[in-house]
Each structure stands twice: as structure tokens, then as C-alpha cells.
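One structure is given here, and the rest of the page talks about it.
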Amino acid sequence: KLGLNVPVMVDGTITLFAACLVGYYLPETPSFLRSRVAQPVGDEAKEPARAATPIPRAVYWFGFAQFLGGIGFSTLLSSLAIFMLARYDFDALRIGFMMMGGSLVMVGVNVWGVPFANRHLTVARCIVAGGLVNAVGFLLFAMSMQLWATFA
């Protein structure tokens, strides 16, 4: 029988892997800056002055919607264990495996789903589609009465 530490170890491994990727690929990190080719110095390296790009109003609405979605996700995550205990009589091991499965699904969506959506949709449509899928998932989760429907 697997112990309570297995979901925590899998989650920790995923987090460590993600931290290594972020540490290497973020433009702010020294490893990313070292990987870039040295820029030429002198007059040819100077960029022309650019005017600030105006931000469309829809971006603010998308940002606000994502902010509310983040609050909803945090609320769901913090009360999920209580819900699964009350509705389905899950113990700590099953809830841990469920959380681990959810994190693997999130990694899969970021690795395969987001690039697929970016190839086929504009950024604005990706945001709207992601928000709609998220909202429908929250509603279906809240209305589910069967265990199989909760995980579908």
C-alpha cells in the first residue's frame, strides 16, 4: 500500500522540474542572459525610440476575469478536501492522489493544450476559450452528484 508521502513527492518533483525550467528560460535570470549572443556595441546597437503601445480596454477586462478566476480556483482548491470528504468519504490518501492527478493534468494542458490553442486561435480567443472552459468545469463540478462525473 502506498503511503501518504507519494502524492507530496510527485508534486514536489513536478515543482522542482518547473523551477529548473523557469530558472533557465526566464529572461530575468543570469543563465538566460549568458545564453544570448553578445550584442554589438556602438551606434549600430542603439534602438530607435519607441512610443508606448496603447493597451486596449478588453485587456483590462480579461485581466479582471482572470483575477476572479484565480480567486475561484483558490477557493475550490482550499475547500476541495472538505468537499470530497463530505460527499464521497475520501481519506487523506485519496485526496492526495486526486490533487496529484490534478497537477499532472495542469502540466499536460500547459505542455500540449496551450501550444495547440495558440497555433489555432488568437491570444484573445485563447483567453476567452480558457475562461469559458474553466467556468463550465467549475459549474459541472459543483453540480455533480456522481463520483465519475466529478473527475470527468
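As shown in the C-alpha cells, the chain order sets the letters A, B, ...; within each chain, residues go from 1, and ligands are also counted from 1 in the order they appear.
Once A:Pro7 and its same-chain neighbours fewer than 2 positions away are set aside, Asn5, Met9, Val10, Gly96, Phe97 and Met100 of chain A remain within 6 Å of it when counting only C-alpha atoms.
Distances to A:Gln146 were evaluated for A:Asp11, A:Met84, A:Pro54, A:Val111 using only C-alpha atoms, and the minimum falls at A:Met84.
For the choices A:Leu85, A:Ser74, A:Met143, A:Phe62, the atom-to-atom distance to A:Gly130 is smallest for A:Phe62 when using only C-alpha atoms.
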